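Written below as structure tokens is the structure these notes are about.
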Amino acid sequence: MNKQYKLVRCTINGKERETMVDVRASLTDMLRNDFRLTSVKKGCEVGECGACNVLINGECFNSCIYLAAWADGKEILTLEGLEGPNGEISDIQQAFIDEAAVQCGFCTPGAIMSAVEILNEGRELSDEEIRIRMSGHLCRCTGYENIFRAVKKTMLKRLAAASGNRQGE
Amino acid sequence: MYAGKSVKRVDALDKVTGRTRYTDDLCDRSAYIARILHSTIANGRVVSIDTSEAEKVPGVVKILTCFDLKEKHYFPTAGHPWSTDPAHQDVADRLVLTERVRFYGDDIAAVVAEDEVAAAQALRLIHVEYEEYPFVLDVQKAMEDGAPLLHEEYPNNILKHTQIRNGDYEKAIQEPGLIRVEGWYETPVVQHCHIENFICYAEMEGDRIHVVSSTQIPHIVRRIVGQALGIEWGRVRVVKPYIGGGFGNKQDILYEPLCAWLCMQIGGHLVKLDVPREETFVCNRTRHSIRNHIISWVRPDGTYAARKLESFSDQGAYASHGHSICAKGAGAFPQLYPCDNVEVDAYTVFTNKPVAGAMRGYGIPQAMWAVESHTEDVAAAIGADPLEFRRRNLMPVGYKDDFSKNENYSDSFNQCLDKAMKAIDYERKVKEYEHQTGDVRRGIGMAVFWYNTAVWPISLESSSCRMVLNQDGSFQLQIGETEIGQGADTAFAQMAADVVGVPMEKVHVVSCQDTDVTPFGTSAYASRQTYVAGFSIRQTGLLLKERILDYAHLLTRMPVFNLDIEDGNIVRTTDGRKLMTLAELATEALYSLTDSRHITAESTYQIKSNAYSFGCTIAEVEVDIPMCKARLLNVVNCHDAGKLINPALAEAQVHGGMSMGIGFGLTEKLIFDEKTGRPLNNNLLDYKLSTFLDHPRLMAEFVENPEPTSAFGTKSLGEPPACSVAPAIRNAIFHATGVAVNNAPADAHNLFRAFTEAGLIHDER
Amino acid sequence: MYDIKALYEAESIPDAVRLLQEHPEAQIIAGGSDVLVQIREGKRAGAELVSIYGIDEMRGVCLDGEGAIRIGSLTSFSHIAASPVIREHIPVLGEAVSLVGGPQIRNIGTIGGNTCNGVTSADSASTLFAWDAEVELTGPEGIRRIPIREFYIRAGKVDLKPAELQTAILIPKKAYEGYHGNYIKYAMREAMDIANLGCSVNVSLTGDKKTIRDVRIAYGVAGPIPMRAETAEKTARGREVNPETVKAFARAVLEDIHPRDSWRAAKAFREHIAVEMAKRALTTSITLAGGEIRE
């Protein structure tokens, strides 16, 4: 059998990358195997659990049911991409630590990436909206409670900081 | 002091940055991929397997079937300590591949291929011929004479039947004026649903087999891989990295023996066995479905005269943890509401269903579903207030169990109930929700539980710990107990820092366990980690401290009794003067030209105690009767787990258990086709595990009565949060509607049936 | 990795038609949330795929020259829900597709994929049925437009001719102007679930808001494909807005629907819920339309 390959050029975590992918590969396969971005987890491989969630052009996708071939020309952000230039972690990652929102840690990368999508909107979401927007992640350890707290706390902090900045101007 | 403080998890930073390595992250990409062929009949025998088409698939390395298993080493799978007494050993009824098929999904062959596509293609091309036998899925039908027999050596499919006889039940029920209350209460088959599926990989190192596995119990895996392969246990090396949840499923030997065997059949090449979610549901372990029958004889004053429990536990096809689970639930019954005259009969019975094993709560969630639903029914039958009825009959202060020597030292039940009631505003709501009519009604209900801590005196309890001092005054902490997400490593570090007298950052917990290196321990189960590790950490920490102070005596010439370690410094206790840092001492000790020592400590502590852990749930629901839906509005758990080592992590642990209890009460069940025994909903879409939107805010409260037997005042908390949630929800629905849902879960299907029977909903035509 | 024999990526609609002609065995993959799952299950293993995911001209929502709402078939559920056109003219469609799966699924799932796989449980389909939507199909012979009710042939089978693809879904102006609607999804949990039953209702009231000028109701999972309940519609059309009308309407759906017994839900249960949903969805629709149901 002749395998079919495609040259994929994309931006991953801010860096331009290119790789030849087997067209049968999922984006999870590409990120984990070709780039060793192992924060992208496999929990069900059918888009039900959310463990493989990454941002593509700013929106959340379960990379397990996204063909690697489609990544061509896209901007992809994984959990590893949140790291600052000197290894700093972002506010949402810190909030996950502070609120004890991490247990086994397997759903954590995917959940944080959904939080990133929400927080990037820069607006205040109701509790219900936060829950809806996080509902693509199954977690068996936390009961979602502390994940919710971490997302809400970070959202309010950012909004307070933004309004502080505006007042300062 | 760190114990008692909500310090951040020691592994949190790695987990929020994605640096944490789980099994698949560690596996080299050169690994071959193994996939298992499962039976498509529920009972029978494999007559032949034709692999000729499958072998032609490019990329297939080898296909092995049950007929390739030349030496048959039957092995047990329960993650129990081994017993040197054959009478107490777990039932050894598994083979890595089997000709005799006992459930739909049994393991009959395996493909090893270069990639997962080739493996999947080959699986589809294997042709199997079976001799089919009739099968049985119902636990009581399986006990009938003439039912299909799963294992020849167990007549009527009864794996075990145990009894408790206290007082004289038959005589006691003769007492005039008693009210008889009877009920059947059943829980479904549910599954753990840890987000990381079971995965392992194996390769040969010389003549040894090296297995890396997502397990809770690496040392037990080593023993059982040795048993299953028929090789010396020392030739097996098992590594347990971080795992993505276990909840008891990974307290069983799953596919480590098969993966190791496959590896050895192909000359030792690296083989990875990554179990798909669909197979995790049915080919790993499940929670036992238990059907309980309770009869209570109550006096009009609200006291029990006599009680009887019959428990029928559906083991599925193989023994796994066997009768332990049913026995644990049945054993809890006479102690929760003590009564002089009690009869208990507990049966664990084989059926042609997936194998049931350990799952968070180990029989107690099923038992509490029955007992606490029944308690509500009894209170209703005699017109008593369910809260007062419980308070009157619950295990009293000073109660002592003769077998475990557990003692109820404090008034924990009442304290927990009081605190939970306050948190959820019980008194007001219970009144407000009386006498409701209409389509949508609210209700509030409660349930209690007690839980053991660890497994003494049923099995061995021991914990081994090693501390290795570094030049900078920090030390590695190694222990046989495992981090499985619950936060054990953090609690261990807190305890160790306190005992030795160093800042917590000076304790490096070696999280990844390697049976070649890690001290022996039986690991994560029975909510035992903090309790049992506490003993070996305290003992080993004191030993390390003794050795450090002994060396400090050499360097300072001060008597050891005037020395201590505080905040990483050697301190003279008589005047509080800091004599040197621990780093200075450690460096000198290691490089001294006159007296060089590598200061380490290692010890084993055998625990011969157990402890009662207590708690309760109060749940508030809104029931939409025409829509057959119960929505949880508020829920609170209150626990007495003794002194909390880390309150924030304890709270998080409670949230997780509550979540599992909510699913157990409202939505989760694995279902099987009656005609074939085939599982119908073994995926995360059709199996309704709670999502972000299915929970209200979860409230966790604590009462901290220090446990006197414990090294740090703690007792169990891992499993307790899952024990009382479901019956509290059931009782809240009962309060709202007057309808008793006795078969969990109270999902729309069961509510439709119950509301129809109760006449609350009618045929629209 | 998926068991895919070959992947052909189309860059435009004509390109897609050409690829489908060149590879008659090939199946279309849009967002892939169904197709890839089925490949993994083995159902479509070894398939040749024509990917249309990259055809951006098939994305977006707008009003066409005749005032019809035009939804490109590749528009994701989340983009439909966020579309100002949808929010203004047919908010219920945005609400319905916001109940599909979870957020990530709503980002990858497309309305074209949702309707082309021909399943009865599709959350968008009952609302499209209830609003007299039309589908635009593009193939070698050009473009044709058919009512969505004719597009569905049987379970899993829609009216796609060889080398044809669905390029848009349209809701004509006369179908939405003056109508207000409500969708109820009945599932066993609040997210990441498939409908046990879906019910979409919309009404147009007379000027005084006292009479039902028109009412339409459609179900998912009440039969092998999404369906309208015409007896119920006839029962309520032209009747006064009052509880008896709502009740009669709801009871009448039983004349039309024929849900099946399955392990997901029993027939009797589905029928009971269907009636209750009709009642509630009509009540909400009437309220949204400015009507009031007085006892």
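Note on naming: chains are A, B, ... as they come in the structure tokens, residues start from 1 per chain, ligands start from 1 in the order shown.
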
Hey, list the chain A side of the contact with chain B: 8 Å cut-off, only C-alpha atoms, answer as a VMD selection string.
chain A and resid 1 33 38 to 39 42 to 44 48 to 49 51 79 to 80 82 to 83 89 93 to 94 96 to 98 100 to 109 112 131 to 132 134 to 146

Distance filter 12 Å, only C-alpha atoms, chain C against chain A, as a ChimeraX atom specification
/C:1-11,29-41,45-49,51-55,76,78-79,98-109,189-194

Would you mind listing what lies within 6 Å of Asn352 in chain B as JSON, numbers by chain, with only C-alpha atoms counted and same-chain residues fewer than 4 positions away left out?
{"B": [42, 102, 103, 136, 137, 316, 317]}

Please, what distance in Å, to one decimal, runs between CA of Ala754 in chain B and CA of Val739 in chain B?
6.9 Å

Define the interface residues of chain B facing chain C as those within 9 Å, counting only C-alpha atoms, and report them as an MDAnalysis selection string.
chainID B and resid 115:118 120:121 124 626:629 667 671:673 680:681 684:686 688:694 747:749 752:753 761:765

Mind dumping the selected residues with C-alpha atoms as a short mmCIF file (atom, residue, chain, number, x, y, z; two decimals), in the first residue's frame?
data_model
loop_
_atom_site.label_atom_id
_atom_site.label_comp_id
_atom_site.auth_asym_id
_atom_site.auth_seq_id
_atom_site.Cartn_x
_atom_site.Cartn_y
_atom_site.Cartn_z
CA ASP B 115 0.74 0.68 13.82
CA GLU B 116 -2.81 0.93 15.07
CA VAL B 117 -4.40 0.96 11.62
CA ALA B 118 -2.80 -2.36 10.69
CA ALA B 120 -7.41 -2.67 13.64
CA GLN B 121 -7.56 -4.00 10.07
CA ARG B 124 -11.55 -7.22 11.59
CA PRO B 626 -44.27 15.22 33.49
CA MET B 627 -40.75 15.40 32.06
CA CYS B 628 -39.56 12.59 34.37
CA LYS B 629 -36.56 14.59 35.43
CA THR B 667 -27.71 8.94 35.27
CA ILE B 671 -26.68 -1.79 29.89
CA PHE B 672 -26.58 -5.08 28.04
CA ASP B 673 -28.58 -6.64 25.28
CA LEU B 680 -24.96 -1.38 24.45
CA ASN B 681 -23.60 1.88 25.78
CA LEU B 684 -18.72 8.25 26.80
CA LEU B 685 -21.68 9.48 24.76
CA ASP B 686 -24.12 6.75 25.69
CA LYS B 688 -24.11 9.21 31.06
CA LEU B 689 -21.34 10.36 33.28
CA SER B 690 -22.09 13.82 34.70
CA THR B 691 -20.89 16.84 32.79
CA PHE B 692 -20.15 20.39 33.90
CA LEU B 693 -23.85 21.17 33.47
CA ASP B 694 -25.22 18.29 35.50
CA ASP B 747 -32.93 8.61 35.58
CA ALA B 748 -35.80 9.50 33.29
CA HIS B 749 -36.51 5.86 32.41
CA PHE B 752 -41.18 7.36 34.11
CA ARG B 753 -41.88 3.86 35.36
CA ILE B 761 -48.46 10.66 35.06
CA HIS B 762 -51.10 9.27 32.76
CA ASP B 763 -51.41 8.08 29.23
CA GLU B 764 -52.31 11.19 27.25
CA ARG B 765 -54.79 9.31 25.09
#

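In this model, the gap between CA of Gly60 in chain C and CA of Thr75 in chain C comes to 5.5 Å.
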
List the neighbours of His321 in chain B out to 9 Å using only C-alpha atoms; skip same-chain residues closer than 3 positions along the sequence, and give me the result as a count of residues only.
14

Run DSSP on the backbone of this structure and report the residues of range 94-151 of chain A it assigns to alpha helix (DSSP H), as a ChimeraX atom specification.
/A:94-98,108-120,127-134,145-151

Quick one: residues within 8 Å of Ile92 in chain A, only C-alpha atoms, excluding same-chain residues fewer than 3 positions away - as number ranges by chain?
A: 95-96, 112, 115-116, 150-151, 154

Ile266 in chain B: which residues within 12 Å, counting only C-alpha atoms, same-chain residues fewer than 2 positions away excluded, as a PyMOL selection string?
chain B and resi 32+34+60-64+111-113+202-204+259-264+268-271

Name the residues in contact with range 509-518 of chain B at a cut-off of 7 Å, using only C-alpha atoms, excluding same-chain residues fewer than 2 positions from it; report them as a VMD selection string.
chain B and resid 218 to 219 237 to 242 476 to 480 483 489 493 507 520

Suppose we keep N, CA and C atoms; can you now write the selection as a PDB file, in the first residue's frame?
ATOM      1  N   PRO B 218       1.720  -0.895  41.659  1.00  0.00           N
ATOM      2  CA  PRO B 218       2.848  -1.485  40.931  1.00  0.00           C
ATOM      3  C   PRO B 218       3.435  -2.756  41.557  1.00  0.00           C
ATOM      4  N   HIS B 219       3.555  -2.802  42.865  1.00  0.00           N
ATOM      5  CA  HIS B 219       4.162  -3.996  43.460  1.00  0.00           C
ATOM      6  C   HIS B 219       3.273  -5.226  43.298  1.00  0.00           C
ATOM      7  N   ARG B 237       9.949  -6.226  36.359  1.00  0.00           N
ATOM      8  CA  ARG B 237      10.129  -4.853  36.845  1.00  0.00           C
ATOM      9  C   ARG B 237       8.919  -4.054  36.385  1.00  0.00           C
ATOM     10  N   VAL B 238       8.243  -3.419  37.320  1.00  0.00           N
ATOM     11  CA  VAL B 238       7.056  -2.629  36.980  1.00  0.00           C
ATOM     12  C   VAL B 238       7.281  -1.173  37.356  1.00  0.00           C
ATOM     13  N   VAL B 239       6.967  -0.298  36.419  1.00  0.00           N
ATOM     14  CA  VAL B 239       7.080   1.140  36.666  1.00  0.00           C
ATOM     15  C   VAL B 239       5.702   1.764  36.562  1.00  0.00           C
ATOM     16  N   LYS B 240       5.385   2.566  37.531  1.00  0.00           N
ATOM     17  CA  LYS B 240       4.118   3.303  37.512  1.00  0.00           C
ATOM     18  C   LYS B 240       4.415   4.800  37.442  1.00  0.00           C
ATOM     19  N   PRO B 241       4.140   5.413  36.287  1.00  0.00           N
ATOM     20  CA  PRO B 241       4.307   6.865  36.208  1.00  0.00           C
ATOM     21  C   PRO B 241       3.050   7.561  36.753  1.00  0.00           C
ATOM     22  N   TYR B 242       2.886   8.840  36.459  1.00  0.00           N
ATOM     23  CA  TYR B 242       1.624   9.493  36.808  1.00  0.00           C
ATOM     24  C   TYR B 242       0.494   8.774  36.073  1.00  0.00           C
ATOM     25  N   GLN B 476      15.065  12.781  49.471  1.00  0.00           N
ATOM     26  CA  GLN B 476      14.079  12.083  48.652  1.00  0.00           C
ATOM     27  C   GLN B 476      13.198  11.267  49.576  1.00  0.00           C
ATOM     28  N   LEU B 477      11.944  11.287  49.269  1.00  0.00           N
ATOM     29  CA  LEU B 477      10.997  10.451  49.997  1.00  0.00           C
ATOM     30  C   LEU B 477      10.467   9.412  49.026  1.00  0.00           C
ATOM     31  N   GLN B 478      10.685   8.161  49.362  1.00  0.00           N
ATOM     32  CA  GLN B 478      10.139   7.079  48.534  1.00  0.00           C
ATOM     33  C   GLN B 478       9.246   6.234  49.405  1.00  0.00           C
ATOM     34  N   ILE B 479       8.126   5.850  48.830  1.00  0.00           N
ATOM     35  CA  ILE B 479       7.167   5.095  49.632  1.00  0.00           C
ATOM     36  C   ILE B 479       6.356   4.208  48.698  1.00  0.00           C
ATOM     37  N   GLY B 480       5.926   3.092  49.210  1.00  0.00           N
ATOM     38  CA  GLY B 480       5.176   2.154  48.366  1.00  0.00           C
ATOM     39  C   GLY B 480       3.767   2.618  48.053  1.00  0.00           C
ATOM     40  N   GLU B 483       0.637   7.982  44.263  1.00  0.00           N
ATOM     41  CA  GLU B 483      -0.127   9.155  43.822  1.00  0.00           C
ATOM     42  C   GLU B 483      -0.974   8.725  42.625  1.00  0.00           C
ATOM     43  N   ASP B 489       1.023  12.440  47.200  1.00  0.00           N
ATOM     44  CA  ASP B 489       2.416  12.911  47.286  1.00  0.00           C
ATOM     45  C   ASP B 489       2.525  14.184  48.114  1.00  0.00           C
ATOM     46  N   ALA B 493       4.570  14.638  51.607  1.00  0.00           N
ATOM     47  CA  ALA B 493       5.615  15.655  51.774  1.00  0.00           C
ATOM     48  C   ALA B 493       5.330  16.511  53.012  1.00  0.00           C
ATOM     49  N   VAL B 507      11.625  18.421  50.773  1.00  0.00           N
ATOM     50  CA  VAL B 507      11.195  17.021  50.624  1.00  0.00           C
ATOM     51  C   VAL B 507      10.897  16.768  49.146  1.00  0.00           C
ATOM     52  N   PHE B 520       8.730  -1.618  49.168  1.00  0.00           N
ATOM     53  CA  PHE B 520       7.508  -2.385  48.960  1.00  0.00           C
ATOM     54  C   PHE B 520       6.309  -1.701  49.619  1.00  0.00           C
TER      55      PHE B 520
END

State, in Å with one decimal place, the distance from CA of Trp184 in chain B to CA of Ala346 in chain B.
14.2 Å

So that I can check the secondary structure, give me every residue of chain A assigned strand (DSSP E) by backbone DSSP, as JSON, numbers by chain.
{"A": [5, 6, 7, 8, 9, 10, 11, 12, 15, 16, 17, 18, 19, 20, 21, 22, 53, 54, 55, 56, 59, 60, 61, 62, 75, 76, 77]}
